[in-house]
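The block underneath contains the structure these notes are about, expressed in structure tokens.
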Amino acid sequence: MRALSGLIKRDLLLALRSGGTWAHGLVFFAVFLALCAIALGGETSVIRPLAPALIWLALVLSLLFSFEQLFAGDVEDGSLEQIRLSGLPLTHYVSGKCIVHWLLTVVPLLAALPIAGLFYNLSMATSAGLFFTILIASPALIIYGAFSGACLTGYKGGGVLLVLLTTPLLIPVLMFAIEGVLSYEKAGLGAMEFQALSGLSLIALAIGIPASAAALGATME
Amino acid sequence: MTHSHKSIYEQADHLEINGLSLAYDGKSLFEDLNFALAPGDTVWICGANGIGKTTLLKCVAGLIRPDAGMLTWGGDNIKAAWRSGITAYQGHHDAHKKDLSAAENLEFWQDIYAGEEGCVDAALTRVGLWARRHQRTHTLSAGQSRRLALARLMLRDAPLWVLDEPAAPMDEVGRALIHDMLRAHTARGGSLLLASHRAPSKIGSSTRILTLQESRDART
């Protein structure tokens with residue numbers, strides 16, 4: 001537990017001192033939504049029905065490019081070697097990295113959601129639906145990305161491969177999430193889509209974290 | 001435990017390397033390599049650049065899987081011992097985060113190793129970096145950065161130290177410091193595997209040299 005909290009503390013401190021690189025995803029999210037609104041003519045009646053899909057796309061795309069660097073820093077400076085030799089299970093290390101990544105990417109997007117809602121003139125129910133779909137699906141998003149990042153650690157130019165590897169894993173999440181936003185108005189959190197998203201996140205937790213740890217161990221050998 | 005003299009390291013034991021072979025890029029680096037390290041022993045790995053010293057060290061530390069061969073720790077397969085953290089390895093990378101201070105870097109490792117409070121201050125003082133503890137590590141010189149990496153070794157009780165050219169970026173004072181640290185480690189019953197392309201020096205009671213040569217044979 002102490003190792004995990006130490007890792008989280010260190011990575012948050014590093015993010016704080018990184019000159020705002022952690023906020024790139026948030027900037028991308030805002031720019032993407034603004035450009036979509038302009039491209040669609042700014043007409044509320046046109047944008048509103050598309051908003052859940054656009055916001056979810058913005059979220060997935062803003063995350064997709066953030067995984068390449070997830071483990072790269074620790075591999076390059078030798079920290080990961082030292083962590084491996086410390087006897088700390090790599091699953092703990094991967095969990096710590098995923099928690100920090102969630103705090104730095106998903107939480108700011110959740111905080112920015114009311115602004116996106118105002119921007120697209122969304123109803124309270126749609127905004128709440130978006131909030132809950134993102135919250136419930138985010139472990140799956142982060143862990144699948146971390147898995148791809150772990151598989152491609154050490155490969156130069158792995159960025160494109162990473163996108164190709166992560167995308168198929170994210171498609172079910174995207175499908176259930178967008179449907180979930182629409183179902184929330186009628187069925188609330190009991191809707192089938194929320195159960196599916198919870199299932200995907202639980203599977204990611206149970207399989208994705210050990211798989212990422214194994215991939216990291218294998219790429220280092 | 002089978003070691004010959006009392007060690008203060010709880011996990012200290014005999015390391016045995018049997019029939020170790022590894023090829024890289026189609027070229028054999030070492031074949032059927034055998035040697036052993038008892039608690040308190042030192043083995044220097046010598047040889048020219050690129051001969052495979054670092055690879056051999058990484059094999060022993062558990063960072064590279066050999067093509068063939070068996071490593072045992074106290075007679076048992078070494079894997080369980082690796083997982084319990086018997087090895088402290090210092091390679092070419094110092095593993096510091098450049099945006100953290102010297103003290104912050106060590107505090108992180110103290111958390112990872114679940115070390116005792118006060119270890120960080122003692123380690124910083126020991127390597128002569130106490131006055132620079134609040135300095136970000138990217139402002140440290142190569143020698144100071146290596147001192148900080150060596151301070152990390154002191155944060156935990158790993159009985160097997162595997163060090164790759166630890167003194168490379170160091171000045172005379174730094175070299176003396178390393179020598180003292182290594183001697184203290186072997187005197188406490190720790191074992192030591194070192195790579196160097198310089199003339200090795202005697203550390204502790206039992207110091208041996210293993211030379212890797214181009215002809216693919218290795219002799220102790």
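Naming scheme: A, B, ... for chains in displayed order of the structure tokens; residues 1 onward per chain; ligands 1 onward as shown.
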Taking a cut-off of 10 Å and counting only C-alpha atoms, can you build a table that, for each residue of chain A near chain B, reports the nearest atom pair and how far apart they are in Å (one decimal), sorted by chain then residue number, as a tab-separated table?
residue	atom	partner	partner_atom	distance
A:Met1	CA	B:Asp111	CA	9.2
A:Arg2	CA	B:Asp111	CA	5.8
A:Ala3	CA	B:Ile112	CA	4.3
A:Leu4	CA	B:Ile112	CA	7.7
A:Ser5	CA	B:Asp111	CA	8.1
A:Gly6	CA	B:Asp111	CA	5.5
A:Leu7	CA	B:Phe108	CA	7.0
A:Ile8	CA	B:Phe108	CA	9.8
A:Lys9	CA	B:Phe108	CA	8.4
A:Arg10	CA	B:Phe108	CA	6.7
A:Asp11	CA	B:Lys97	CA	9.8
A:Leu13	CA	B:Leu100	CA	8.1
A:Leu14	CA	B:Asp99	CA	6.5
A:Ala15	CA	B:Asp99	CA	9.6
A:Leu16	CA	B:Asp99	CA	9.8
A:Arg17	CA	B:Asp99	CA	6.7
A:Ser18	CA	B:Asp99	CA	7.8
A:Gly73	CA	B:Lys97	CA	8.8
A:Asp74	CA	B:Ala95	CA	7.9
A:Val75	CA	B:Ala95	CA	9.0
A:Glu76	CA	B:His93	CA	8.3
A:Asp77	CA	B:Ala95	CA	4.9
A:Gly78	CA	B:Ala95	CA	4.6
A:Ser79	CA	B:Ala95	CA	4.6
A:Leu80	CA	B:Ala95	CA	8.2
A:Glu81	CA	B:Leu63	CA	7.3
A:Gln82	CA	B:Tyr89	CA	7.2
A:Ile83	CA	B:Ile112	CA	7.5
A:Arg84	CA	B:Arg83	CA	8.2
A:Leu85	CA	B:Gly85	CA	5.6
A:Ser86	CA	B:Gly85	CA	4.8
A:Gly87	CA	B:Gly85	CA	4.2
A:Leu88	CA	B:Ile112	CA	7.2
A:Pro89	CA	B:Arg83	CA	7.8
A:Tyr93	CA	B:Ile112	CA	9.8
A:Gly217	CA	B:Leu63	CA	8.8
A:Ala218	CA	B:Ile64	CA	9.6
A:Met220	CA	B:Leu63	CA	7.0
A:Glu221	CA	B:Ile64	CA	4.6
Identify all residues of stretch 45-177 of chain B in helix (DSSP H, G or I) (DSSP on the backbone) and supply them as a ChimeraX atom specification. /B:53-61,79-83,102-113,119-126,130-132,137-139,142-153,172-177
For the atom pair atom CA of A:Gly129 and atom CA of A:Leu197, what is the interatomic distance in Å to one decimal place?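 Computing it gives 12.6 Å between the two atoms.
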Selection: 12 Å around B:Ser205, only C-alpha atoms, excl. self and same-chain fewer than 4 positions, as an MDAnalysis selection string: chainID B and resid 5 38:43 182:192 201
B:Ala151 environment, 8 Å, only C-alpha atoms, sequence neighbours closer than 2 positions dropped, as number ranges by chain: B: 106, 123-124, 126-127, 147-149, 153-155
